[in-house]
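Working notes, structure below.
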Amino acid sequence: MFIRLLLLLLLFPSISNALIEVDITRGNLNPLPVAVSPLSIDEDSRKNFKDILKKENIGSEISIVVENNLRQSGLFNPLNKDAFLQKPDIANLKPRFEDWSLIKAQALITGRVNFVDDKLRVEFRLWDVLAGKEMMALAFTTVPNNWRRVGHIITDKVYERLTGEKGYFDTRIIYVAEEGLKTNRIKKLAIMDQDGFNNKFLTLGNELVLTPRFNPTNQMVTYLSYFRNLPRVYLLDIETGVQEVVGDFPGMTFAPRFSPDGKKIIMSFAKDGNSDIYTMNLENRIVEKITNHPSIDTSPSYSPDGKYICFNSDRSGYQQIYVMKSNGENVKRISFGRGLYGTPVWSPRGDLIAFTKLHKGKFYIGVMRTDGSGERLLTENFYQEAPSWSPNGRVLIFYRETKTNSKGEGFTAKLWSIDLTGYNERMVLTETDASDPSWSSLLSN
Amino acid sequence: MKLIKILKNSFLVLLACLALSACATKKVSTQIQGDVYTGTDTVEYLASGVPDRVFFATNESVLTTASRETLRKQATWLRKNSKITIVLEGHADERGTREYNLALGERRANAAKDYLMTYGISSDRISVLSYGKERPVDSGSNPLAWSKNRRSVSVKAN
């Protein structure tokens, strides 16, 4: 899957302050109108790609990927293509800015697709319509099968150029695919692109699997499997399919996550009714006990610099969120609001901790600063939990169960995403019911 | 603190009873006492007169008087059938986060294990398996269903 993308920088004009910018720090109620012109394609290239990819016009298909990504972000409003006046090939050479400003586009994306030596070559340009300027131009060459990733990379580049922050589109989500009755649910590990495409099941559903999490540095995953009725933390290489048990514990290990450098797994080990937090170094297999308390200590998550750990403990009597140094010293409770708090996850930006809160029969996904101040609840529902951060720390993905009738019988479990601002809540489409999502790092940069 | 909690719980139960009697569905109120399931709908038997499971209050792993009685019956039966080994399967209801509930299920099953051990059952004959909220016995989303799901079940392993 790790296909090298040849990145050619064609032009990188200096940033002038007259150019358009998108503010992503507030809820964006006026998404930026952007025109995504279908990527132009010559007739020979079109036919070649049609043979290989079974797509009538791969140029249009890639632009649809970009358009959907931009729309999903909530920051952009891709305009209806029927209104476009200029043809894709001409627009890519020299847009007539009057035509595009007439339909209220503020930014314009154009491009061209070529079939070169059995490869897919894509160039694209981002234009500032009002200033009448080119903002960036890039070209990629890759194998044809990678065409969706090209669309994601274009979106990442556009997002970064317009917001000043890294994107999160060329990423994948690992999650638990669910089916069957609630009393005997069948669960499989599954992985898909961030937009729900290229879904693949990684286990067969013979044993219960829970809580998969990506290594932030590579394509390894850690998760909980009930293989042979022994709930243990496993490590899985999603490229090779090779998996192994993490450590040799005489009891249930669970709630695994990687350290930010990807070299350790932090998890809970339950013994004699008491769960404590442990780490295992994946290089030398050394196991360390981090907490030592007769209460339940679980759901550990490292700060991005690896110096601190937030975790869930009921040492005060009920589930609350605590922060400690990564060696287990200086344990401090940080959640003091009303209700129970669980599943703390440290933001990749370092400044916030996302959590699930239970209060008066409702579940909330929220964020607080790492000292517990500034608690903000982003979404409320009957049942939802397990937030996971986008790699740029701007979006949270989580899962929600919805009752299918008013008596509270039947349910569906789906993945949802929401902006840090609390706006732009969207269901993420999955083939089956889904839970426990974990967002990968950017696959390319 | 404890007293406040007990008072709060009994108040909640009182409220629940009032609400239920108002709806004239008295069946439920007789099946939950102090937030713990006391009915027999889901109970199976290891042997005649030996129920296989005990129930817990929300977020608790304390054994009730009824639970201790059930476990004493299980201990007596296990002493008579000394070749039998059991798995204690600990469960939680859906009103909690997944990972915390795995730990809670383990804690509940161990509460049952400890009690069996004080009645002379060797720990070699008892293993513990927590399912958290993954295997509810009642798929409903209401207080009665949740009370049935907060349980530790003794399952014959051989």
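Chain identifiers are assigned as A, B, and so on, following the order in which chains appear in the structure tokens; residues are numbered from 1 within each chain, and ligands are numbered from 1 in order of appearance.
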| said: At a cut-off of 12 Å, using only C-alpha atoms, what residues contact Lys80 of chain B? Leave out same-chain residues fewer than 5 positions from it and give the result as an NGL selection string. | reply: :B and (47 or 73-75 or 120-121)
| Shell around Ala190 of chain A at 7 Å using only C-alpha atoms, local window under 6 positions removed, as a list in words |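 Once the nearby chain positions are removed, what remains is Ile174, Tyr175, Val176, Ala177, Asn199, Lys200, Phe201 and Leu202 of chain A.
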How about saving the chosen residues, C-alpha atoms kept, as a compact mmCIF listing (two decimals), in the first residue's frame?
```txt
# COMPACT_ATOMS: atom_id res chain seq x y z
CA ILE A 174 -9.32 1.33 11.48
CA TYR A 175 -12.51 0.29 13.25
CA VAL A 176 -14.64 -2.62 14.40
CA ALA A 177 -17.25 -3.78 11.88
CA ASN A 199 -13.03 -0.97 2.92
CA LYS A 200 -11.25 -4.17 3.89
CA PHE A 201 -11.94 -6.68 6.67
CA LEU A 202 -8.84 -7.77 8.56
```
Quick one: which residues from chain B are at most 10 Å off chain A, using only C-alpha atoms, as an mmCIF file with C-alpha atoms, in the first residue's frame?
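Saved the output as iface_17.cif:
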```cif
data_model
loop_
_atom_site.group_PDB
_atom_site.id
_atom_site.type_symbol
_atom_site.label_atom_id
_atom_site.label_comp_id
_atom_site.auth_asym_id
_atom_site.auth_seq_id
_atom_site.Cartn_x
_atom_site.Cartn_y
_atom_site.Cartn_z
ATOM 1 C CA ASN B 59 -21.026 0.621 38.899
ATOM 2 C CA GLU B 60 -20.740 -1.698 41.901
ATOM 3 C CA SER B 61 -19.062 -5.029 42.512
ATOM 4 C CA GLU B 94 -24.186 -0.752 28.341
ATOM 5 C CA ARG B 95 -24.224 2.461 30.376
ATOM 6 C CA GLY B 96 -20.474 2.766 30.617
ATOM 7 C CA THR B 97 -17.410 3.160 28.448
ATOM 8 C CA ARG B 98 -16.121 -0.040 26.889
ATOM 9 C CA GLU B 99 -12.713 -0.226 28.532
ATOM 10 C CA TYR B 100 -13.880 0.739 32.008
ATOM 11 C CA ASN B 101 -16.605 -1.901 31.720
ATOM 12 C CA LEU B 102 -14.050 -4.587 30.852
ATOM 13 C CA ALA B 103 -12.284 -3.767 34.120
ATOM 14 C CA LEU B 104 -15.605 -3.639 35.983
ATOM 15 C CA GLY B 105 -16.642 -7.076 34.668
ATOM 16 C CA GLU B 106 -13.323 -8.461 35.825
ATOM 17 C CA ARG B 107 -13.797 -6.899 39.244
ATOM 18 C CA ARG B 108 -17.305 -8.368 39.572
ATOM 19 C CA ALA B 109 -16.223 -11.871 38.578
ATOM 20 C CA ASN B 110 -13.384 -11.645 41.095
ATOM 21 C CA ALA B 111 -15.777 -10.598 43.850
ATOM 22 C CA LYS B 113 -14.382 -15.790 42.993
ATOM 23 C CA ASP B 114 -13.153 -14.433 46.323
ATOM 24 C CA SER B 127 -10.925 -18.866 36.168
ATOM 25 C CA VAL B 128 -12.229 -15.415 35.443
ATOM 26 C CA LEU B 129 -13.291 -13.933 32.108
ATOM 27 C CA SER B 130 -14.620 -10.417 31.691
ATOM 28 C CA TYR B 131 -16.849 -9.548 28.769
ATOM 29 C CA LYS B 133 -20.651 -4.915 28.022
ATOM 30 C CA GLU B 134 -20.025 -7.121 24.989
ATOM 31 C CA ARG B 135 -22.425 -9.949 25.836
ATOM 32 C CA PRO B 136 -25.649 -8.592 27.320
ATOM 33 C CA VAL B 137 -28.278 -11.210 28.095
ATOM 34 C CA ASP B 138 -31.081 -8.712 27.499
ATOM 35 C CA SER B 139 -30.680 -6.466 24.463
ATOM 36 C CA GLY B 140 -33.093 -3.837 25.785
ATOM 37 C CA SER B 141 -32.078 -0.344 26.835
ATOM 38 C CA ASN B 142 -34.017 0.150 30.040
#
```
| Who sits within 8 Å of segment 367-378 of chain A, only C-alpha atoms, same chain under 3 positions skipped, as a list in words |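 Neighbouring residues, sequence-local ones excluded: Val323, Ile334, Ser335, Phe336, Asp351, Leu352, Ile353, Ala354, Phe355, Tyr364, Ile418, Leu420, Thr421, Gly422 and Tyr423 of chain A.
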Take the residues just selected and output them with C-alpha atoms as a PDB file, in the first residue's frame.
```pdb
ATOM      1  CA  VAL A 323      -2.977  12.964  34.327  1.00  0.00           C
ATOM      2  CA  ILE A 334      -8.371  16.784  36.152  1.00  0.00           C
ATOM      3  CA  SER A 335     -12.111  16.112  35.625  1.00  0.00           C
ATOM      4  CA  PHE A 336     -14.348  17.749  38.215  1.00  0.00           C
ATOM      5  CA  ASP A 351      -3.338  21.231  24.150  1.00  0.00           C
ATOM      6  CA  LEU A 352      -6.562  19.279  24.706  1.00  0.00           C
ATOM      7  CA  ILE A 353      -7.887  15.977  25.979  1.00  0.00           C
ATOM      8  CA  ALA A 354     -11.017  14.528  24.361  1.00  0.00           C
ATOM      9  CA  PHE A 355     -13.285  12.360  26.494  1.00  0.00           C
ATOM     10  CA  TYR A 364     -21.354  13.391  25.619  1.00  0.00           C
ATOM     11  CA  ILE A 418     -17.379  16.371  14.504  1.00  0.00           C
ATOM     12  CA  LEU A 420     -13.401  20.631  17.468  1.00  0.00           C
ATOM     13  CA  THR A 421     -15.640  23.688  17.215  1.00  0.00           C
ATOM     14  CA  GLY A 422     -18.695  21.485  17.821  1.00  0.00           C
ATOM     15  CA  TYR A 423     -19.996  22.170  14.314  1.00  0.00           C
TER      16      TYR A 423
END
```
| task | Take atom CA of Met267 of chain A and atom CA of Trp389 of chain A and report the distance between them in Å, one decimal. | result | 18.6 Å
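For the pair atom CA of Phe249 of chain A and atom CA of Arg232 of chain A, the separation is 8.3 Å.
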| field | Contacts of Asp99 of chain A at 9 Å (only C-alpha atoms; same-chain gap of 5+ positions) as a list in words | value |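 Result of the neighbour search: Phe84, Leu85 and Gln86 of chain A.
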